[in-house]
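For reference, data18.tsv is printed below; it contains TSV, N, CA, C and O atoms.
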chain	number	residue	atom	x	y	z
A	21	ALA	N	-76.49	50.44	6.68
A	21	ALA	CA	-77.90	50.61	6.99
A	21	ALA	C	-78.77	49.88	5.95
A	21	ALA	O	-79.82	49.40	6.28
A	22	GLY	N	-78.30	49.81	4.72
A	22	GLY	CA	-79.07	49.17	3.67
A	22	GLY	C	-79.28	47.69	3.91
A	22	GLY	O	-80.36	47.16	3.72
A	23	GLN	N	-78.21	47.03	4.35
A	23	GLN	CA	-78.31	45.60	4.61
A	23	GLN	C	-79.23	45.34	5.81
A	23	GLN	O	-80.00	44.40	5.81
A	24	ALA	N	-79.14	46.19	6.83
A	24	ALA	CA	-80.00	46.03	8.01
A	24	ALA	C	-81.47	46.17	7.63
A	24	ALA	O	-82.31	45.40	8.09
A	25	ALA	N	-81.76	47.13	6.76
A	25	ALA	CA	-83.14	47.32	6.32
A	25	ALA	C	-83.62	46.12	5.51
A	25	ALA	O	-84.76	45.66	5.67
A	26	LEU	N	-82.75	45.61	4.67
A	26	LEU	CA	-83.10	44.43	3.87
A	26	LEU	C	-83.40	43.23	4.78
A	26	LEU	O	-84.39	42.52	4.59
A	27	LEU	N	-82.57	43.02	5.78
A	27	LEU	CA	-82.79	41.91	6.71
A	27	LEU	C	-84.08	42.09	7.50
A	27	LEU	O	-84.80	41.13	7.75
A	28	THR	N	-84.38	43.32	7.86
A	28	THR	CA	-85.60	43.61	8.61
A	28	THR	C	-86.84	43.25	7.80
A	28	THR	O	-87.87	42.85	8.35
A	29	HIS	N	-86.74	43.35	6.49
A	29	HIS	CA	-87.87	43.02	5.62
A	29	HIS	C	-87.83	41.58	5.13
A	29	HIS	O	-88.82	41.10	4.57
A	30	THR	N	-86.72	40.91	5.32
A	30	THR	CA	-86.56	39.54	4.82
A	30	THR	C	-86.78	38.49	5.91
A	30	THR	O	-87.48	37.50	5.69
A	31	VAL	N	-86.16	38.68	7.05
A	31	VAL	CA	-86.18	37.66	8.10
A	31	VAL	C	-87.57	37.39	8.67
A	31	VAL	O	-88.00	36.23	8.74
A	32	PRO	N	-88.33	38.41	9.10
A	32	PRO	CA	-89.65	38.11	9.69
A	32	PRO	C	-90.59	37.30	8.78
A	32	PRO	O	-91.22	36.35	9.26
A	33	PRO	N	-90.68	37.60	7.48
A	33	PRO	CA	-91.54	36.76	6.64
A	33	PRO	C	-91.05	35.31	6.55
A	33	PRO	O	-91.85	34.38	6.51
A	34	LEU	N	-89.72	35.13	6.54
A	34	LEU	CA	-89.19	33.77	6.51
A	34	LEU	C	-89.54	33.03	7.80
A	34	LEU	O	-89.92	31.86	7.77
A	35	LEU	N	-89.43	33.71	8.93
A	35	LEU	CA	-89.79	33.09	10.21
A	35	LEU	C	-91.27	32.71	10.22
A	35	LEU	O	-91.65	31.67	10.76
A	36	GLY	N	-92.09	33.54	9.62
A	36	GLY	CA	-93.52	33.26	9.55
A	36	GLY	C	-93.84	32.01	8.74
A	36	GLY	O	-94.88	31.37	8.95
A	37	ARG	N	-92.96	31.65	7.84
A	37	ARG	CA	-93.18	30.47	7.00
A	37	ARG	C	-93.10	29.17	7.79
A	37	ARG	O	-93.57	28.13	7.35
A	38	PHE	N	-92.52	29.23	8.98
A	38	PHE	CA	-92.45	28.03	9.81
A	38	PHE	C	-93.83	27.58	10.30
A	38	PHE	O	-93.99	26.47	10.75
A	39	LYS	N	-94.81	28.44	10.19
A	39	LYS	CA	-96.18	28.09	10.59
A	39	LYS	C	-96.96	27.44	9.45
A	39	LYS	O	-98.08	26.99	9.65
A	40	ASP	N	-96.37	27.41	8.27
A	40	ASP	CA	-97.05	26.86	7.09
A	40	ASP	C	-97.24	25.35	7.25
A	40	ASP	O	-96.39	24.66	7.80
A	41	LYS	N	-98.35	24.85	6.76
A	41	LYS	CA	-98.63	23.41	6.82
A	41	LYS	C	-97.77	22.62	5.84
A	41	LYS	O	-97.53	21.43	6.03
A	42	ASP	N	-97.31	23.28	4.80
A	42	ASP	CA	-96.52	22.62	3.75
A	42	ASP	C	-95.07	22.46	4.21
A	42	ASP	O	-94.36	23.44	4.43
A	43	LYS	N	-94.64	21.22	4.32
A	43	LYS	CA	-93.27	20.96	4.79
A	43	LYS	C	-92.21	21.55	3.86
A	43	LYS	O	-91.14	21.94	4.30
A	44	TYR	N	-92.52	21.65	2.58
A	44	TYR	CA	-91.55	22.20	1.64
A	44	TYR	C	-91.36	23.70	1.86
A	44	TYR	O	-90.26	24.22	1.66
A	45	VAL	N	-92.40	24.38	2.28
A	45	VAL	CA	-92.30	25.80	2.60
A	45	VAL	C	-91.43	25.97	3.85
A	45	VAL	O	-90.55	26.83	3.90
A	46	ARG	N	-91.66	25.12	4.86
A	46	ARG	CA	-90.86	25.20	6.09
A	46	ARG	C	-89.39	24.86	5.81
A	46	ARG	O	-88.48	25.50	6.33
A	47	ARG	N	-89.16	23.87	4.96
A	47	ARG	CA	-87.79	23.50	4.58
A	47	ARG	C	-87.09	24.68	3.90
A	47	ARG	O	-85.95	25.01	4.21
A	48	SER	N	-87.79	25.29	2.96
A	48	SER	CA	-87.21	26.42	2.21
A	48	SER	C	-86.88	27.58	3.13
A	48	SER	O	-85.86	28.26	2.95
A	49	ALA	N	-87.73	27.84	4.11
A	49	ALA	CA	-87.49	28.93	5.05
A	49	ALA	C	-86.23	28.66	5.86
A	49	ALA	O	-85.39	29.55	6.03
A	50	ALA	N	-86.09	27.44	6.36
A	50	ALA	CA	-84.89	27.09	7.14
A	50	ALA	C	-83.64	27.21	6.28
A	50	ALA	O	-82.62	27.76	6.71
A	51	TYR	N	-83.71	26.73	5.06
A	51	TYR	CA	-82.58	26.80	4.14
A	51	TYR	C	-82.18	28.25	3.89
A	51	TYR	O	-80.99	28.61	3.96
A	52	ALA	N	-83.16	29.09	3.62
A	52	ALA	CA	-82.89	30.51	3.33
A	52	ALA	C	-82.28	31.20	4.54
A	52	ALA	O	-81.33	31.98	4.41
A	53	LEU	N	-82.80	30.92	5.73
A	53	LEU	CA	-82.26	31.55	6.93
A	53	LEU	C	-80.81	31.14	7.17
A	53	LEU	O	-79.99	31.95	7.57
A	54	GLY	N	-80.50	29.89	6.90
A	54	GLY	CA	-79.12	29.43	7.03
A	54	GLY	C	-78.18	30.14	6.08
A	54	GLY	O	-77.02	30.39	6.41
A	55	ASN	N	-78.68	30.48	4.92
A	55	ASN	CA	-77.85	31.17	3.94
A	55	ASN	C	-77.59	32.63	4.30
A	55	ASN	O	-76.70	33.25	3.73
A	56	LEU	N	-78.36	33.18	5.21
A	56	LEU	CA	-78.12	34.55	5.64
A	56	LEU	C	-76.88	34.65	6.51
A	56	LEU	O	-76.25	35.70	6.59
A	57	GLY	N	-76.54	33.54	7.16
A	57	GLY	CA	-75.35	33.40	7.97
A	57	GLY	C	-74.75	34.68	8.52
A	57	GLY	O	-75.34	35.34	9.37
A	58	PRO	N	-73.57	35.05	8.03
A	58	PRO	CA	-72.85	36.20	8.57
A	58	PRO	C	-73.59	37.54	8.43
A	58	PRO	O	-73.28	38.48	9.13
A	59	SER	N	-74.57	37.59	7.57
A	59	SER	CA	-75.33	38.84	7.40
A	59	SER	C	-76.05	39.26	8.67
A	59	SER	O	-76.34	40.43	8.87
A	60	LEU	N	-76.34	38.29	9.54
A	60	LEU	CA	-77.07	38.61	10.76
A	60	LEU	C	-76.16	39.09	11.90
A	60	LEU	O	-76.65	39.48	12.95
A	61	ALA	N	-74.85	39.06	11.68
A	61	ALA	CA	-73.93	39.57	12.69
A	61	ALA	C	-74.25	41.03	12.97
A	61	ALA	O	-74.44	41.82	12.05
A	62	GLY	N	-74.35	41.37	14.22
A	62	GLY	CA	-74.65	42.75	14.60
A	62	GLY	C	-76.13	43.07	14.60
A	62	GLY	O	-76.52	44.19	14.90
A	63	GLN	N	-76.96	42.10	14.28
A	63	GLN	CA	-78.41	42.29	14.25
A	63	GLN	C	-79.02	41.46	15.40
A	63	GLN	O	-79.68	40.45	15.18
A	64	ALA	N	-78.77	41.87	16.63
A	64	ALA	CA	-79.09	41.07	17.81
A	64	ALA	C	-80.55	40.63	17.87
A	64	ALA	O	-80.84	39.46	18.13
A	65	ALA	N	-81.47	41.54	17.62
A	65	ALA	CA	-82.89	41.18	17.73
A	65	ALA	C	-83.29	40.16	16.67
A	65	ALA	O	-83.95	39.16	16.98
A	66	LEU	N	-82.88	40.40	15.43
A	66	LEU	CA	-83.20	39.44	14.36
A	66	LEU	C	-82.53	38.11	14.60
A	66	LEU	O	-83.12	37.05	14.36
A	67	LEU	N	-81.30	38.15	15.07
A	67	LEU	CA	-80.56	36.93	15.35
A	67	LEU	C	-81.27	36.12	16.44
A	67	LEU	O	-81.44	34.91	16.32
A	68	THR	N	-81.71	36.80	17.48
A	68	THR	CA	-82.43	36.13	18.58
A	68	THR	C	-83.69	35.46	18.08
A	68	THR	O	-83.93	34.28	18.36
A	69	HIS	N	-84.49	36.17	17.31
A	69	HIS	CA	-85.73	35.59	16.78
A	69	HIS	C	-85.45	34.42	15.84
A	69	HIS	O	-86.16	33.42	15.85
A	70	THR	N	-84.41	34.57	15.05
A	70	THR	CA	-84.05	33.51	14.10
A	70	THR	C	-83.61	32.25	14.83
A	70	THR	O	-84.08	31.15	14.52
A	71	VAL	N	-82.74	32.40	15.81
A	71	VAL	CA	-82.26	31.23	16.56
A	71	VAL	C	-83.41	30.56	17.29
A	71	VAL	O	-83.55	29.33	17.26
A	72	GLN	N	-84.26	31.34	17.94
A	72	GLN	CA	-85.41	30.77	18.65
A	72	GLN	C	-86.32	30.00	17.71
A	72	GLN	O	-86.79	28.90	18.03
A	73	ALA	N	-86.57	30.56	16.54
A	73	ALA	CA	-87.45	29.89	15.57
A	73	ALA	C	-86.81	28.60	15.05
A	73	ALA	O	-87.49	27.58	14.91
A	74	LEU	N	-85.51	28.64	14.78
A	74	LEU	CA	-84.83	27.44	14.29
A	74	LEU	C	-84.79	26.36	15.36
A	74	LEU	O	-84.98	25.17	15.07
A	75	LEU	N	-84.55	26.74	16.59
A	75	LEU	CA	-84.57	25.76	17.69
A	75	LEU	C	-85.96	25.14	17.82
A	75	LEU	O	-86.09	23.94	18.10
A	76	GLY	N	-86.99	25.94	17.58
A	76	GLY	CA	-88.36	25.42	17.63
A	76	GLY	C	-88.63	24.39	16.55
A	76	GLY	O	-89.49	23.52	16.71
A	77	ARG	N	-87.89	24.46	15.45
A	77	ARG	CA	-88.07	23.50	14.36
A	77	ARG	C	-87.50	22.13	14.69
A	77	ARG	O	-87.75	21.16	13.99
A	78	PHE	N	-86.75	22.02	15.78
A	78	PHE	CA	-86.22	20.72	16.19
A	78	PHE	C	-87.35	19.76	16.53
A	78	PHE	O	-87.14	18.56	16.59
A	79	LYS	N	-88.53	20.30	16.75
A	79	LYS	CA	-89.70	19.47	17.08
A	79	LYS	C	-90.64	19.33	15.88
A	79	LYS	O	-91.74	18.80	16.03
A	80	ASP	N	-90.22	19.80	14.72
A	80	ASP	CA	-91.07	19.69	13.53
A	80	ASP	C	-91.33	18.23	13.22
A	80	ASP	O	-90.46	17.37	13.40
A	81	LYS	N	-92.52	17.94	12.72
A	81	LYS	CA	-92.86	16.55	12.41
A	81	LYS	C	-92.11	16.02	11.19
A	81	LYS	O	-92.01	14.82	10.98
A	82	ASP	N	-91.55	16.92	10.37
A	82	ASP	CA	-90.80	16.52	9.18
A	82	ASP	C	-89.31	16.48	9.49
A	82	ASP	O	-88.72	17.48	9.90
A	83	GLY	N	-88.71	15.32	9.30
A	83	GLY	CA	-87.29	15.15	9.59
A	83	GLY	C	-86.39	16.05	8.77
A	83	GLY	O	-85.36	16.52	9.27
A	84	THR	N	-86.76	16.32	7.53
A	84	THR	CA	-85.93	17.18	6.70
A	84	THR	C	-85.98	18.62	7.20
A	84	THR	O	-84.96	19.32	7.18
A	85	VAL	N	-87.11	19.07	7.68
A	85	VAL	CA	-87.19	20.41	8.26
A	85	VAL	C	-86.26	20.48	9.47
A	85	VAL	O	-85.52	21.46	9.65
A	86	ARG	N	-86.26	19.44	10.30
A	86	ARG	CA	-85.37	19.42	11.46
A	86	ARG	C	-83.90	19.48	11.03
A	86	ARG	O	-83.12	20.25	11.59
A	87	ARG	N	-83.54	18.71	10.02
A	87	ARG	CA	-82.15	18.72	9.52
A	87	ARG	C	-81.78	20.10	8.96
A	87	ARG	O	-80.67	20.59	9.19
A	88	TYR	N	-82.68	20.69	8.19
A	88	TYR	CA	-82.40	22.02	7.63
A	88	TYR	C	-82.24	23.06	8.74
A	88	TYR	O	-81.43	23.98	8.62
A	89	ALA	N	-83.01	22.93	9.80
A	89	ALA	CA	-82.89	23.87	10.93
A	89	ALA	C	-81.52	23.73	11.59
A	89	ALA	O	-80.88	24.73	11.93
A	90	ILE	N	-81.05	22.49	11.73
A	90	ILE	CA	-79.72	22.26	12.31
A	90	ILE	C	-78.65	22.86	11.41
A	90	ILE	O	-77.74	23.56	11.87
A	91	ARG	N	-78.76	22.63	10.12
A	91	ARG	CA	-77.79	23.21	9.16
A	91	ARG	C	-77.85	24.73	9.18
A	91	ARG	O	-76.81	25.40	9.07
A	92	ALA	N	-79.05	25.27	9.29
A	92	ALA	CA	-79.20	26.73	9.32
A	92	ALA	C	-78.49	27.31	10.53
A	92	ALA	O	-77.82	28.34	10.43
A	93	LEU	N	-78.63	26.66	11.69
A	93	LEU	CA	-77.92	27.14	12.87
A	93	LEU	C	-76.41	27.09	12.64
A	93	LEU	O	-75.69	27.99	13.07
A	94	GLY	N	-75.96	26.04	11.98
A	94	GLY	CA	-74.54	25.97	11.64
A	94	GLY	C	-74.12	27.11	10.74
A	94	GLY	O	-73.05	27.69	10.90
A	95	GLY	N	-74.99	27.47	9.80
A	95	GLY	CA	-74.70	28.58	8.90
A	95	GLY	C	-74.67	29.92	9.60
A	95	GLY	O	-74.02	30.87	9.15
A	96	LEU	N	-75.37	30.00	10.72
A	96	LEU	CA	-75.39	31.24	11.51
A	96	LEU	C	-74.18	31.33	12.44
A	96	LEU	O	-73.98	32.34	13.10
A	97	GLY	N	-73.38	30.27	12.49
A	97	GLY	CA	-72.26	30.20	13.41
A	97	GLY	C	-71.47	31.49	13.57
A	97	GLY	O	-71.31	31.97	14.69
A	98	PRO	N	-70.96	32.09	12.49
A	98	PRO	CA	-70.18	33.31	12.64
A	98	PRO	C	-70.97	34.46	13.29
A	98	PRO	O	-70.42	35.25	14.03
A	99	SER	N	-72.25	34.50	13.05
A	99	SER	CA	-73.08	35.56	13.63
A	99	SER	C	-73.33	35.34	15.11
A	99	SER	O	-73.67	36.26	15.83
A	100	LEU	N	-73.18	34.09	15.56
A	100	LEU	CA	-73.46	33.76	16.95
A	100	LEU	C	-72.28	34.05	17.89
A	100	LEU	O	-72.43	33.93	19.10
A	101	ALA	N	-71.15	34.44	17.32
A	101	ALA	CA	-70.00	34.77	18.16
A	101	ALA	C	-70.40	35.84	19.17
A	101	ALA	O	-70.93	36.89	18.81
A	102	GLY	N	-70.21	35.54	20.43
A	102	GLY	CA	-70.58	36.47	21.48
A	102	GLY	C	-72.04	36.37	21.90
A	102	GLY	O	-72.51	37.13	22.72
A	103	HIS	N	-72.76	35.43	21.31
A	103	HIS	CA	-74.19	35.25	21.63
A	103	HIS	C	-74.49	33.82	22.03
A	103	HIS	O	-75.55	33.30	21.73
A	104	SER	N	-73.57	33.17	22.70
A	104	SER	CA	-73.79	31.77	23.08
A	104	SER	C	-74.99	31.60	23.99
A	104	SER	O	-75.56	30.52	24.07
A	105	ASP	N	-75.40	32.67	24.66
A	105	ASP	CA	-76.57	32.61	25.53
A	105	ASP	C	-77.84	32.26	24.77
A	105	ASP	O	-78.80	31.74	25.33
A	106	LEU	N	-77.86	32.48	23.46
A	106	LEU	CA	-79.03	32.18	22.65
A	106	LEU	C	-79.24	30.67	22.51
A	106	LEU	O	-80.33	30.23	22.18
A	107	LEU	N	-78.19	29.91	22.75
A	107	LEU	CA	-78.28	28.46	22.55
A	107	LEU	C	-78.44	27.70	23.86
A	107	LEU	O	-78.43	26.49	23.87
A	108	THR	N	-78.58	28.41	24.96
A	108	THR	CA	-78.77	27.75	26.25
A	108	THR	C	-80.14	28.06	26.80
A	108	THR	O	-80.74	29.07	26.48
A	109	ASP	N	-80.63	27.18	27.61
A	109	ASP	CA	-81.94	27.36	28.24
A	109	ASP	C	-81.83	28.13	29.51
A	109	ASP	O	-81.02	28.03	30.31

Could I get this structure in the form of structure tokens?
Amino acid sequence: AGQAALLTHTVPPLLGRFKDKDKYVRRSAAYALGNLGPSLAGQAALLTHTVQALLGRFKDKDGTVRRYAIRALGGLGPSLAGHSDLLTD
């Protein structure tokens, strides 16, 4: 329960950073989310929001933000087991 509470307080603020005008803030948010990787396993709602936000970064005007979003999705790989529907339209 402790880890779930920590993620509940950590993930939403990171997702909110994707709205920042500063590309370095957006890069850092993507990097941090990727590092959460396996921690999001079993956290379906947070995982859904995280994947949707990272997919949205594929259209970011900064190429490094786009690359970090791709890497972050790779880092979430173990958490996505059984959730392939999150990656399809």

The residue from A:Ser59, A:Leu34, A:Leu67, A:Gly54 with the smallest atom-to-atom distance to Ile90 (chain A), counting only N, CA, C and O atoms, is A:Gly54

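Relative to atom O of Leu96 (chain A), atom C of Gly57 (chain A) is found at 5.2 Å.
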
Mind pulling up the distance from atom N of Gly22 (chain A) to CA of Leu35 (chain A)?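 CA of Leu35 (chain A) sits 21.0 Å away from atom N of Gly22 (chain A).
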
*Any idea what the distance is between atom C of Arg47 (chain A) and atom O of Thr84 (chain A)?*
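Computing the Euclidean distance for atom C of Arg47 (chain A) and atom O of Thr84 (chain A) yields 6.6 Å.
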
Open item on the list: I'd like the contact shell of region 42-45 of chain A - 7 Å cut-off, all atoms listed in the file, skipping same-chain residues fewer than 4 positions apart - returned as a VMD selection string.
Closed with: chain A and resid 34 37 to 38 49 to 51 82 84 to 85

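Closest approach to Leu66 (chain A) among A:Ala89, A:Lys79, A:Ala25, A:Val31: A:Val31, based on all atoms listed in the file.
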
As a count of residues only, please: every residue in chain A that a backbone DSSP assignment puts in helix (DSSP H, G or I).
73

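Each of A:Leu74, A:Leu56, A:Leu26, A:Ala61 was compared to Tyr88 (chain A) using only C-alpha atoms, and A:Leu74 turns out to be the nearest.
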
- Pick out the closest residue to Ala92 (chain A) from this set: A:Leu53, A:Leu75, A:Ala65, A:Leu60. Count all atoms listed in the file.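 Ranked by minimum distance to Ala92 (chain A), first place goes to A:Leu53.
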
With distances taken over only C-alpha atoms, which of A:Thr68, A:Asp40, A:Arg46, A:Pro33 is nearest to Arg86 (chain A)?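 Residue with the minimum atom-to-atom distance to Arg86 (chain A): A:Arg46.
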
Reconstruct region 47-58 of chain A at the level of all heavy atoms, and format the result as a compact mmCIF listing (two decimals), in the coordinates of the input.
# COMPACT_ATOMS: atom_id res chain seq x y z
N ARG A 47 -89.16 23.87 4.96
CA ARG A 47 -87.79 23.50 4.58
C ARG A 47 -87.09 24.68 3.90
O ARG A 47 -85.95 25.01 4.21
CB ARG A 47 -87.79 22.33 3.61
CG ARG A 47 -88.16 21.02 4.22
CD ARG A 47 -88.23 19.95 3.16
NE ARG A 47 -88.68 18.67 3.70
CZ ARG A 47 -88.84 17.58 2.96
NH1 ARG A 47 -88.59 17.60 1.66
NH2 ARG A 47 -89.25 16.46 3.52
N SER A 48 -87.79 25.29 2.96
CA SER A 48 -87.21 26.42 2.21
C SER A 48 -86.88 27.58 3.13
O SER A 48 -85.86 28.26 2.95
CB SER A 48 -88.16 26.87 1.11
OG SER A 48 -88.33 25.84 0.16
N ALA A 49 -87.73 27.84 4.11
CA ALA A 49 -87.49 28.93 5.05
C ALA A 49 -86.23 28.66 5.86
O ALA A 49 -85.39 29.55 6.03
CB ALA A 49 -88.69 29.12 5.98
N ALA A 50 -86.09 27.44 6.36
CA ALA A 50 -84.89 27.09 7.14
C ALA A 50 -83.64 27.21 6.28
O ALA A 50 -82.62 27.76 6.71
CB ALA A 50 -85.02 25.68 7.71
N TYR A 51 -83.71 26.73 5.06
CA TYR A 51 -82.58 26.80 4.14
C TYR A 51 -82.18 28.25 3.89
O TYR A 51 -80.99 28.61 3.96
CB TYR A 51 -82.94 26.10 2.84
CG TYR A 51 -81.83 26.07 1.83
CD1 TYR A 51 -80.83 25.09 1.91
CD2 TYR A 51 -81.75 27.01 0.82
CE1 TYR A 51 -79.80 25.05 0.99
CE2 TYR A 51 -80.72 26.99 -0.10
CZ TYR A 51 -79.75 26.00 -0.01
OH TYR A 51 -78.72 25.99 -0.92
N ALA A 52 -83.16 29.09 3.62
CA ALA A 52 -82.89 30.51 3.33
C ALA A 52 -82.28 31.20 4.54
O ALA A 52 -81.33 31.98 4.41
CB ALA A 52 -84.17 31.20 2.90
N LEU A 53 -82.80 30.92 5.73
CA LEU A 53 -82.26 31.55 6.93
C LEU A 53 -80.81 31.14 7.17
O LEU A 53 -79.99 31.95 7.57
CB LEU A 53 -83.13 31.21 8.15
CG LEU A 53 -84.49 31.91 8.17
CD1 LEU A 53 -85.41 31.25 9.18
CD2 LEU A 53 -84.33 33.39 8.46
N GLY A 54 -80.50 29.89 6.90
CA GLY A 54 -79.12 29.43 7.03
C GLY A 54 -78.18 30.14 6.08
O GLY A 54 -77.02 30.39 6.41
N ASN A 55 -78.68 30.48 4.92
CA ASN A 55 -77.85 31.17 3.94
C ASN A 55 -77.59 32.63 4.30
O ASN A 55 -76.70 33.25 3.73
CB ASN A 55 -78.48 31.09 2.55
CG ASN A 55 -78.29 29.73 1.92
OD1 ASN A 55 -77.33 29.03 2.23
ND2 ASN A 55 -79.20 29.35 1.06
N LEU A 56 -78.36 33.18 5.21
CA LEU A 56 -78.12 34.55 5.64
C LEU A 56 -76.88 34.65 6.51
O LEU A 56 -76.25 35.70 6.59
CB LEU A 56 -79.34 35.09 6.41
CG LEU A 56 -80.59 35.31 5.59
CD1 LEU A 56 -81.74 35.77 6.49
CD2 LEU A 56 -80.35 36.33 4.50
N GLY A 57 -76.54 33.54 7.16
CA GLY A 57 -75.35 33.40 7.97
C GLY A 57 -74.75 34.68 8.52
O GLY A 57 -75.34 35.34 9.37
N PRO A 58 -73.57 35.05 8.03
CA PRO A 58 -72.85 36.20 8.57
C PRO A 58 -73.59 37.54 8.43
O PRO A 58 -73.28 38.48 9.13
CB PRO A 58 -71.56 36.23 7.74
CG PRO A 58 -71.41 34.85 7.21
CD PRO A 58 -72.80 34.33 7.04
